[in-house]
file protein_6.txt (compact mmCIF, C-alpha atoms)
# COMPACT_ATOMS: atom_id res chain seq x y z
CA MET A 1 34.18 12.31 71.36
CA GLY A 2 31.67 9.89 69.83
CA ALA A 3 29.80 12.54 67.84
CA HIS A 4 33.10 13.99 66.61
CA VAL A 5 34.24 10.57 65.38
CA GLU A 6 30.94 10.00 63.60
CA VAL A 7 31.23 13.33 61.78
CA MET A 8 34.77 12.57 60.65
CA ASP A 9 33.72 9.08 59.51
CA LEU A 10 31.04 10.69 57.35
CA VAL A 11 33.56 13.24 56.04
CA ALA A 12 35.81 10.38 54.90
CA GLN A 13 32.88 8.62 53.24
CA MET A 14 31.69 11.76 51.45
CA LYS A 15 35.21 12.50 50.24
CA ALA A 16 35.51 8.96 48.89
CA ASP A 17 32.18 9.41 47.11
CA GLU A 18 33.46 12.69 45.57
CA GLN A 19 30.63 14.73 47.14
CA THR A 20 30.63 18.50 47.58
CA PHE A 21 30.20 19.81 51.12
CA VAL A 22 31.54 22.17 53.78
CA LEU A 23 33.13 21.15 57.07
CA ALA A 24 32.55 23.79 59.76
CA THR A 25 34.66 23.54 62.93
CA VAL A 26 34.37 25.62 66.10
CA VAL A 27 37.98 26.57 66.88
CA ARG A 28 37.46 28.95 69.82
CA THR A 29 34.76 30.00 72.23
CA VAL A 30 34.64 32.73 74.90
CA SER A 31 32.09 32.96 77.70
CA VAL A 32 28.84 31.00 77.43
CA THR A 33 28.18 29.36 74.02
CA ALA A 34 25.98 26.47 72.94
CA ALA A 35 28.79 24.68 71.09
CA LYS A 36 32.34 24.31 72.34
CA ALA A 37 35.72 24.27 70.62
CA GLY A 38 36.10 21.14 68.50
CA ALA A 39 32.42 20.90 67.56
CA LYS A 40 31.95 20.12 63.87
CA ALA A 41 29.17 20.09 61.30
CA ILE A 42 28.87 18.93 57.69
CA ILE A 43 26.92 21.29 55.44
CA ARG A 44 25.65 20.39 51.97
CA PRO A 45 25.49 22.95 49.12
CA ASP A 46 21.76 23.46 49.75
CA GLY A 47 22.49 24.57 53.32
CA THR A 48 21.37 21.34 54.98
CA ILE A 49 23.41 20.31 58.03
CA VAL A 50 23.63 16.55 57.61
CA ALA A 51 25.76 15.73 60.65
CA GLY A 52 27.22 17.43 63.70
CA TRP A 53 26.29 20.66 65.43
CA ILE A 54 27.89 24.09 65.80
CA GLY A 55 25.23 25.80 67.89
CA GLY A 56 21.81 27.27 67.26
CA GLY A 57 20.62 30.26 65.31
CA CYS A 58 23.19 32.54 66.95
CA ALA A 59 25.90 31.22 64.63
CA LYS A 60 24.02 29.23 62.01
CA GLY A 61 23.10 32.08 59.66
CA ALA A 62 26.63 33.48 59.45
CA VAL A 63 28.13 30.02 58.97
CA LEU A 64 25.69 29.04 56.21
CA LYS A 65 26.42 32.28 54.36
CA ALA A 66 30.16 31.64 54.63
CA ALA A 67 29.60 28.05 53.48
CA ARG A 68 27.84 29.20 50.29
CA GLU A 69 30.65 31.62 49.52
CA ALA A 70 33.33 29.02 50.26
CA LEU A 71 31.75 26.57 47.84
CA ALA A 72 31.55 29.28 45.18
CA ASP A 73 35.26 30.16 45.20
CA GLY A 74 36.82 27.10 46.84
CA GLU A 75 38.46 29.15 49.60
CA PRO A 76 38.11 28.50 53.36
CA ARG A 77 36.87 31.20 55.73
CA MET A 78 37.01 32.14 59.39
CA VAL A 79 33.79 33.45 60.93
CA SER A 80 33.77 35.19 64.31
CA VAL A 81 30.35 35.53 65.96
CA ARG A 82 30.49 38.10 68.78
CA PRO A 83 28.15 40.31 70.80
CA GLU A 84 27.59 43.76 69.31
CA ASN A 85 29.46 45.53 72.14
CA LEU A 86 32.60 43.50 71.41
CA LEU A 87 32.29 44.22 67.69
CA ALA A 88 32.05 47.92 68.55
CA GLU A 89 35.19 47.68 70.68
CA LEU A 90 37.02 46.27 67.67
CA GLY A 91 35.55 48.94 65.41
CA VAL A 92 33.97 46.44 63.03
CA LYS A 93 30.41 46.04 61.81
CA PRO A 94 28.47 42.79 61.35
CA GLY A 95 29.30 41.36 57.92
CA GLU A 96 32.66 43.12 57.71
CA THR A 97 35.83 41.17 56.95
CA ARG A 98 39.14 42.12 58.50
CA GLU A 99 42.44 40.27 58.07
CA GLY A 100 40.63 37.24 56.72
CA VAL A 101 38.01 37.05 59.49
CA ARG A 102 34.30 37.63 58.75
CA PHE A 103 32.55 39.16 61.78
CA ALA A 104 28.92 38.51 62.66
CA SER A 105 26.73 39.65 65.52
CA ASN A 106 25.59 37.28 68.27
CA MET A 107 22.06 38.36 69.15
CA CYS A 108 21.44 35.47 71.58
CA PRO A 109 21.09 36.11 75.33
CA SER A 110 24.27 34.13 76.06
CA LYS A 111 26.39 36.88 74.51
CA GLY A 112 29.27 34.50 73.92
CA THR A 113 31.90 34.49 71.19
CA MET A 114 32.47 31.68 68.69
CA ASP A 115 35.13 31.44 66.02
CA ILE A 116 34.25 28.92 63.28
CA PHE A 117 36.53 27.67 60.50
CA VAL A 118 34.55 27.02 57.32
CA GLU A 119 36.31 24.65 54.91
CA PRO A 120 34.93 23.71 51.47
CA VAL A 121 35.51 20.13 50.36
CA LEU A 122 35.20 19.85 46.60
CA PRO A 123 35.36 16.81 44.33
CA HIS A 124 38.36 16.39 42.09
CA PRO A 125 38.04 18.19 38.74
CA SER A 126 36.60 15.89 36.11
CA LEU A 127 38.46 15.08 32.90
CA VAL A 128 36.37 13.23 30.31
CA ILE A 129 38.35 11.75 27.42
CA LEU A 130 36.62 10.32 24.37
CA GLY A 131 38.78 7.99 22.32
CA ALA A 132 41.46 5.33 22.73
CA SER A 133 44.24 6.98 20.74
CA PRO A 134 47.80 7.15 22.11
CA VAL A 135 47.18 10.79 23.03
CA ALA A 136 43.99 9.85 24.90
CA LEU A 137 45.72 7.12 26.89
CA SER A 138 48.70 9.32 27.67
CA LEU A 139 46.42 12.16 28.76
CA ALA A 140 44.59 9.80 31.15
CA ALA A 141 47.87 8.55 32.60
CA GLN A 142 49.24 12.06 33.17
CA ALA A 143 46.02 13.54 34.59
CA ARG A 144 45.33 11.16 37.47
CA PRO A 145 48.53 11.93 39.46
CA LEU A 146 47.62 15.61 39.21
CA GLY A 147 44.32 15.03 40.99
CA TYR A 148 41.88 14.78 38.07
CA HIS A 149 39.00 12.31 38.19
CA VAL A 150 39.42 10.66 34.79
CA THR A 151 36.63 9.14 32.71
CA LEU A 152 37.66 7.47 29.46
CA ALA A 153 34.97 6.60 26.91
CA ALA A 154 35.76 4.49 23.85
CA PRO A 155 34.44 1.35 22.14
CA ALA A 156 35.87 -1.68 23.92
CA ALA A 157 37.22 -3.01 20.62
CA ASP A 158 39.50 0.05 20.34
CA LEU A 159 41.29 -0.71 23.63
CA ALA A 160 44.20 -3.12 23.46
CA SER A 161 44.33 -3.22 27.27
CA THR A 162 42.42 -1.80 30.20
CA PRO A 163 43.66 1.70 31.06
CA VAL A 164 44.02 2.84 34.67
CA VAL A 165 41.22 5.42 35.00
CA ASP A 166 38.50 6.23 37.51
CA VAL A 167 35.63 5.37 35.14
CA LEU A 168 35.84 3.37 31.92
CA ILE A 169 32.91 3.52 29.49
CA GLY A 170 32.86 1.04 26.61
CA SER A 171 31.29 3.43 24.11
CA PHE A 172 30.84 7.13 23.42
CA GLY A 173 27.55 7.15 25.34
CA LEU A 174 28.61 9.15 28.37
CA GLY A 175 25.46 8.99 30.49
CA GLU A 176 25.74 10.30 34.06
CA LEU A 177 29.19 11.73 34.81
CA HIS A 178 31.25 12.70 37.83
CA ASP A 179 29.69 15.84 39.35
CA ALA A 180 32.50 18.41 39.35
CA LYS A 181 34.03 21.11 37.20
CA ARG A 182 34.39 19.24 33.93
CA PHE A 183 36.85 19.29 31.03
CA VAL A 184 36.16 17.26 27.89
CA VAL A 185 38.70 16.17 25.28
CA VAL A 186 37.95 14.27 22.05
CA SER A 187 41.01 12.29 21.00
CA THR A 188 39.62 9.69 18.63
CA GLN A 189 42.04 10.53 15.80
CA GLY A 190 40.01 9.04 12.99
CA LYS A 191 38.01 6.42 14.91
CA GLY A 192 34.52 7.75 15.49
CA ASP A 193 35.41 11.44 15.37
CA GLU A 194 31.91 12.63 14.54
CA THR A 195 30.11 10.44 17.07
CA ALA A 196 32.53 11.36 19.84
CA LEU A 197 32.35 15.06 19.05
CA ARG A 198 28.57 15.01 19.17
CA ALA A 199 28.71 13.34 22.59
CA ALA A 200 31.21 15.92 23.80
CA LEU A 201 29.07 18.82 22.61
CA ALA A 202 26.09 17.39 24.48
CA THR A 203 28.10 17.37 27.72
CA LYS A 204 28.25 20.46 29.90
CA ALA A 205 31.85 21.44 30.57
CA ALA A 206 34.15 24.38 31.25
CA TYR A 207 36.41 23.29 28.38
CA HIS A 208 35.90 21.30 25.18
CA ALA A 209 38.79 20.35 22.93
CA PHE A 210 39.44 18.24 19.85
CA VAL A 211 42.75 16.56 19.07
CA GLY A 212 43.13 17.12 15.35
CA SER A 213 43.96 19.70 12.75
CA ARG A 214 41.99 22.86 12.05
CA ARG A 215 41.14 21.43 8.63
CA LYS A 216 39.62 18.27 10.11
CA MET A 217 37.70 20.31 12.68
CA ALA A 218 36.38 22.60 9.94
CA ALA A 219 35.12 19.59 7.97
CA LEU A 220 33.44 18.14 11.04
CA ARG A 221 31.91 21.51 11.80
CA GLU A 222 30.22 21.69 8.38
CA LYS A 223 28.91 18.14 8.72
CA LEU A 224 27.50 18.68 12.22
CA ILE A 225 25.89 22.00 11.33
CA ALA A 226 24.20 20.31 8.38
CA GLN A 227 22.80 17.80 10.87
CA GLY A 228 21.36 20.59 13.01
CA VAL A 229 24.05 21.00 15.67
CA ASP A 230 24.33 24.56 16.98
CA ALA A 231 27.28 26.35 15.36
CA ALA A 232 28.05 28.40 18.47
CA SER A 233 28.54 25.27 20.57
CA ILE A 234 30.91 23.82 17.97
CA ASP A 235 32.90 27.05 17.84
CA ARG A 236 33.59 26.81 21.57
CA VAL A 237 35.64 23.66 20.97
CA LYS A 238 39.40 24.32 21.09
CA ALA A 239 40.98 22.75 18.01
CA PRO A 240 43.69 21.75 17.86
CA ALA A 241 43.70 20.94 21.56
CA GLY A 242 46.50 22.07 23.86
CA LEU A 243 48.96 24.91 24.24
CA ASP A 244 51.27 25.54 21.30
CA LEU A 245 54.43 23.99 22.76
CA GLY A 246 55.67 22.46 19.55
CA ALA A 247 54.58 19.05 20.85
CA ILE A 248 55.19 16.05 18.57
CA THR A 249 54.88 12.77 20.48
CA PRO A 250 51.59 11.58 22.01
CA GLU A 251 53.06 12.18 25.47
CA GLU A 252 54.04 15.75 24.58
CA ILE A 253 50.65 16.48 23.02
CA ALA A 254 48.91 15.10 26.11
CA MET A 255 51.10 17.28 28.31
CA SER A 256 50.22 20.38 26.26
CA ILE A 257 46.49 19.58 26.60
CA LEU A 258 46.77 19.00 30.33
CA ALA A 259 48.69 22.27 30.70
CA GLU A 260 45.91 24.11 28.87
CA ILE A 261 43.22 22.47 31.02
CA THR A 262 45.08 23.26 34.23
CA LEU A 263 45.54 26.86 33.13
CA GLU A 264 41.82 27.12 32.47
CA ARG A 265 40.98 25.57 35.83
CA LEU A 266 43.28 27.89 37.78
CA ARG A 267 42.11 30.91 35.81
CA GLY A 268 38.55 30.15 36.90
CA GLN A 269 39.60 29.97 40.55
CA ARG A 270 41.54 33.25 40.36
CA SER A 271 38.69 35.12 38.68
CA LYS A 272 36.29 34.06 41.45
CA SER A 273 38.69 35.09 44.21
CA GLU A 274 39.21 38.50 42.60
CA ASP A 275 35.47 39.30 42.37
call {"tool": "encode", "arguments": {"input": "protein_6.txt", "output": "structure tokens"}}
result
Amino acid sequence: MGAHVEVMDLVAQMKADEQTFVLATVVRTVSVTAAKAGAKAIIRPDGTIVAGWIGGGCAKGAVLKAAREALADGEPRMVSVRPENLLAELGVKPGETREGVRFASNMCPSKGTMDIFVEPVLPHPSLVILGASPVALSLAAQARPLGYHVTLAAPAADLASTPVVDVLIGSFGLGELHDAKRFVVVSTQGKGDETALRAALATKAAYHAFVGSRRKMAALREKLIAQGVDAASIDRVKAPAGLDLGAITPEEIAMSILAEITLERLRGQRSKSED
């Protein structure tokens, strides 16, 4: 019981710290096995088991492989480690998946069976907003209830009050950001457009967008290219930002941007699960 509690305490801490990891849980055992039902282990993306135990080499290889795959597509997995004669009785081969269960061979002398649930725990998607415009503030307010980790970057003088966000940066110097799938929106609307856009372009993200007209974006594009910024990186910026919903108010524009970001995020998850 003590070891189990310690693992779950660490799980809670790692979740609070927005860390990426896998929680592997033994859900069933048959015959002699090193670990018993209820045993848990925390696995980092590099394959390191930082806490807990789910048995020795008999199960470790199959679980680590499932952990890598789970982190890649965000989907949990069930791994069943069985002796080869039991796999043959089922008519499955090691490495084969049937009805959502990945089968692996137990080559250890114990010849037991272990079923392990492999669950990825991923940090919240990261939304980075540059600017203190009404659209920027509305976007931050709408994104947090939907599970986004929100960073807002803007000069302190541009903020009339302190917004409710996860991270507030008092300039356009982003520095080290939340480590997750990232979406970046520039919503300066005339206050530091060029500086903010340069900071956004220097930030790795799955989505970059600019709140402004095509004409303004075209003018900024020419200016940045003249300063040596790569044209291809600028052309990946969606401008104007958001789905074409006929939005007018800042709240509606923010909603259209968040809808576009969410569509992009879910599209990425579906494409991985279909591979």
call {"tool": "atom_distance", "arguments": {"input": "protein_6.txt", "atom1": "atom CA of Gly112 of chain A", "atom2": "atom CA of Thr29 of chain A"}}
result
7.3 Å
call {"tool": "closest_residue", "arguments": {"input": "protein_6.txt", "among": "A:Phe117, A:Val101, A:Phe210, A:Val30", "to": "Pro83 of chain A", "atoms": "all atoms listed in the file"}}
result
A:Val30
call {"tool": "atom_distance", "arguments": {"input": "protein_6.txt", "atom1": "atom CA of Ala41 of chain A", "atom2": "atom CA of Met107 of chain A"}}
result
21.1 Å
call {"tool": "atom_distance", "arguments": {"input": "protein_6.txt", "atom1": "atom CA of Ser80 of chain A", "atom2": "atom CA of Val11 of chain A"}}
result
23.5 Å
call {"tool": "residues_around", "arguments": {"input": "protein_6.txt", "residues": "segment 191-202 of chain A", "least_positions_apart": "3", "cutoff": "10 Å", "atoms": "all atoms listed in the file", "output": "ChimeraX atom specification"}}
result
/A:128-133,153-155,158,171-175,183-188,205,208-212,216-217,220-221,223-224,229-230,233-234,236-237
call {"tool": "build_atoms", "arguments": {"input": "protein_6.txt", "residues": "segment 172-207 of chain A", "atoms": "N, CA and C atoms", "output": "PDB file, in the coordinates of the input"}}
result
ATOM      1  N   PHE A 172      30.839   5.673  23.305  1.00  0.00           N
ATOM      2  CA  PHE A 172      30.840   7.130  23.420  1.00  0.00           C
ATOM      3  C   PHE A 172      29.571   7.656  24.102  1.00  0.00           C
ATOM      4  N   GLY A 173      28.744   6.749  24.603  1.00  0.00           N
ATOM      5  CA  GLY A 173      27.550   7.150  25.340  1.00  0.00           C
ATOM      6  C   GLY A 173      27.920   7.486  26.778  1.00  0.00           C
ATOM      7  N   LEU A 174      28.047   8.756  27.085  1.00  0.00           N
ATOM      8  CA  LEU A 174      28.610   9.150  28.370  1.00  0.00           C
ATOM      9  C   LEU A 174      27.667   8.922  29.550  1.00  0.00           C
ATOM     10  N   GLY A 175      26.385   9.177  29.376  1.00  0.00           N
ATOM     11  CA  GLY A 175      25.460   8.990  30.490  1.00  0.00           C
ATOM     12  C   GLY A 175      25.756   9.939  31.639  1.00  0.00           C
ATOM     13  N   GLU A 176      25.521   9.474  32.879  1.00  0.00           N
ATOM     14  CA  GLU A 176      25.740  10.300  34.060  1.00  0.00           C
ATOM     15  C   GLU A 176      27.227  10.340  34.400  1.00  0.00           C
ATOM     16  N   LEU A 177      27.757  11.551  34.594  1.00  0.00           N
ATOM     17  CA  LEU A 177      29.190  11.730  34.810  1.00  0.00           C
ATOM     18  C   LEU A 177      29.491  12.223  36.213  1.00  0.00           C
ATOM     19  N   HIS A 178      30.753  12.189  36.560  1.00  0.00           N
ATOM     20  CA  HIS A 178      31.250  12.700  37.830  1.00  0.00           C
ATOM     21  C   HIS A 178      30.836  14.163  37.980  1.00  0.00           C
ATOM     22  N   ASP A 179      30.254  14.499  39.130  1.00  0.00           N
ATOM     23  CA  ASP A 179      29.690  15.840  39.350  1.00  0.00           C
ATOM     24  C   ASP A 179      30.767  16.782  39.886  1.00  0.00           C
ATOM     25  N   ALA A 180      31.452  17.459  38.981  1.00  0.00           N
ATOM     26  CA  ALA A 180      32.500  18.410  39.350  1.00  0.00           C
ATOM     27  C   ALA A 180      32.757  19.315  38.161  1.00  0.00           C
ATOM     28  N   LYS A 181      33.653  20.282  38.337  1.00  0.00           N
ATOM     29  CA  LYS A 181      34.030  21.110  37.200  1.00  0.00           C
ATOM     30  C   LYS A 181      34.629  20.181  36.151  1.00  0.00           C
ATOM     31  N   ARG A 182      34.117  20.267  34.927  1.00  0.00           N
ATOM     32  CA  ARG A 182      34.390  19.240  33.930  1.00  0.00           C
ATOM     33  C   ARG A 182      35.157  19.795  32.732  1.00  0.00           C
ATOM     34  N   PHE A 183      36.069  18.971  32.224  1.00  0.00           N
ATOM     35  CA  PHE A 183      36.850  19.290  31.030  1.00  0.00           C
ATOM     36  C   PHE A 183      36.746  18.090  30.092  1.00  0.00           C
ATOM     37  N   VAL A 184      36.430  18.350  28.834  1.00  0.00           N
ATOM     38  CA  VAL A 184      36.160  17.260  27.890  1.00  0.00           C
ATOM     39  C   VAL A 184      37.129  17.355  26.700  1.00  0.00           C
ATOM     40  N   VAL A 185      37.753  16.233  26.396  1.00  0.00           N
ATOM     41  CA  VAL A 185      38.700  16.170  25.280  1.00  0.00           C
ATOM     42  C   VAL A 185      38.322  15.014  24.359  1.00  0.00           C
ATOM     43  N   VAL A 186      38.185  15.308  23.065  1.00  0.00           N
ATOM     44  CA  VAL A 186      37.950  14.270  22.050  1.00  0.00           C
ATOM     45  C   VAL A 186      39.283  13.943  21.406  1.00  0.00           C
ATOM     46  N   SER A 187      39.728  12.713  21.582  1.00  0.00           N
ATOM     47  CA  SER A 187      41.010  12.290  21.000  1.00  0.00           C
ATOM     48  C   SER A 187      40.835  10.940  20.322  1.00  0.00           C
ATOM     49  N   THR A 188      39.920  10.911  19.370  1.00  0.00           N
ATOM     50  CA  THR A 188      39.620   9.690  18.630  1.00  0.00           C
ATOM     51  C   THR A 188      40.582   9.469  17.471  1.00  0.00           C
ATOM     52  N   GLN A 189      41.055  10.560  16.889  1.00  0.00           N
ATOM     53  CA  GLN A 189      42.040  10.530  15.800  1.00  0.00           C
ATOM     54  C   GLN A 189      41.656   9.551  14.691  1.00  0.00           C
ATOM     55  N   GLY A 190      40.447   9.782  14.156  1.00  0.00           N
ATOM     56  CA  GLY A 190      40.010   9.040  12.990  1.00  0.00           C
ATOM     57  C   GLY A 190      39.054   7.905  13.282  1.00  0.00           C
ATOM     58  N   LYS A 191      38.895   7.523  14.555  1.00  0.00           N
ATOM     59  CA  LYS A 191      38.010   6.420  14.910  1.00  0.00           C
ATOM     60  C   LYS A 191      36.780   6.951  15.647  1.00  0.00           C
ATOM     61  N   GLY A 192      35.741   7.267  14.886  1.00  0.00           N
ATOM     62  CA  GLY A 192      34.520   7.750  15.490  1.00  0.00           C
ATOM     63  C   GLY A 192      34.543   9.221  15.863  1.00  0.00           C
ATOM     64  N   ASP A 193      35.286  10.012  15.076  1.00  0.00           N
ATOM     65  CA  ASP A 193      35.410  11.440  15.370  1.00  0.00           C
ATOM     66  C   ASP A 193      34.056  12.128  15.526  1.00  0.00           C
ATOM     67  N   GLU A 194      33.187  11.918  14.559  1.00  0.00           N
ATOM     68  CA  GLU A 194      31.910  12.630  14.540  1.00  0.00           C
ATOM     69  C   GLU A 194      31.026  12.223  15.718  1.00  0.00           C
ATOM     70  N   THR A 195      30.934  10.930  15.975  1.00  0.00           N
ATOM     71  CA  THR A 195      30.110  10.440  17.070  1.00  0.00           C
ATOM     72  C   THR A 195      30.621  10.961  18.418  1.00  0.00           C
ATOM     73  N   ALA A 196      31.931  10.907  18.585  1.00  0.00           N
ATOM     74  CA  ALA A 196      32.530  11.360  19.840  1.00  0.00           C
ATOM     75  C   ALA A 196      32.347  12.855  20.029  1.00  0.00           C
ATOM     76  N   LEU A 197      32.492  13.606  18.953  1.00  0.00           N
ATOM     77  CA  LEU A 197      32.350  15.060  19.050  1.00  0.00           C
ATOM     78  C   LEU A 197      30.917  15.445  19.396  1.00  0.00           C
ATOM     79  N   ARG A 198      29.968  14.739  18.838  1.00  0.00           N
ATOM     80  CA  ARG A 198      28.570  15.010  19.170  1.00  0.00           C
ATOM     81  C   ARG A 198      28.308  14.740  20.657  1.00  0.00           C
ATOM     82  N   ALA A 199      28.878  13.655  21.173  1.00  0.00           N
ATOM     83  CA  ALA A 199      28.710  13.340  22.590  1.00  0.00           C
ATOM     84  C   ALA A 199      29.371  14.398  23.467  1.00  0.00           C
ATOM     85  N   ALA A 200      30.516  14.883  23.038  1.00  0.00           N
ATOM     86  CA  ALA A 200      31.210  15.920  23.800  1.00  0.00           C
ATOM     87  C   ALA A 200      30.407  17.207  23.834  1.00  0.00           C
ATOM     88  N   LEU A 201      29.839  17.582  22.693  1.00  0.00           N
ATOM     89  CA  LEU A 201      29.070  18.820  22.610  1.00  0.00           C
ATOM     90  C   LEU A 201      27.808  18.755  23.461  1.00  0.00           C
ATOM     91  N   ALA A 202      27.297  17.556  23.676  1.00  0.00           N
ATOM     92  CA  ALA A 202      26.090  17.390  24.480  1.00  0.00           C
ATOM     93  C   ALA A 202      26.394  17.354  25.977  1.00  0.00           C
ATOM     94  N   THR A 203      27.673  17.448  26.326  1.00  0.00           N
ATOM     95  CA  THR A 203      28.100  17.370  27.720  1.00  0.00           C
ATOM     96  C   THR A 203      28.516  18.738  28.232  1.00  0.00           C
ATOM     97  N   LYS A 204      27.912  19.176  29.314  1.00  0.00           N
ATOM     98  CA  LYS A 204      28.250  20.460  29.900  1.00  0.00           C
ATOM     99  C   LYS A 204      29.671  20.424  30.462  1.00  0.00           C
ATOM    100  N   ALA A 205      30.465  21.423  30.116  1.00  0.00           N
ATOM    101  CA  ALA A 205      31.850  21.440  30.570  1.00  0.00           C
ATOM    102  C   ALA A 205      32.418  22.854  30.502  1.00  0.00           C
ATOM    103  N   ALA A 206      33.472  23.083  31.276  1.00  0.00           N
ATOM    104  CA  ALA A 206      34.150  24.380  31.250  1.00  0.00           C
ATOM    105  C   ALA A 206      35.108  24.476  30.076  1.00  0.00           C
ATOM    106  N   TYR A 207      35.405  23.328  29.455  1.00  0.00           N
ATOM    107  CA  TYR A 207      36.410  23.290  28.380  1.00  0.00           C
ATOM    108  C   TYR A 207      36.088  22.102  27.493  1.00  0.00           C
TER     109      TYR A 207
END
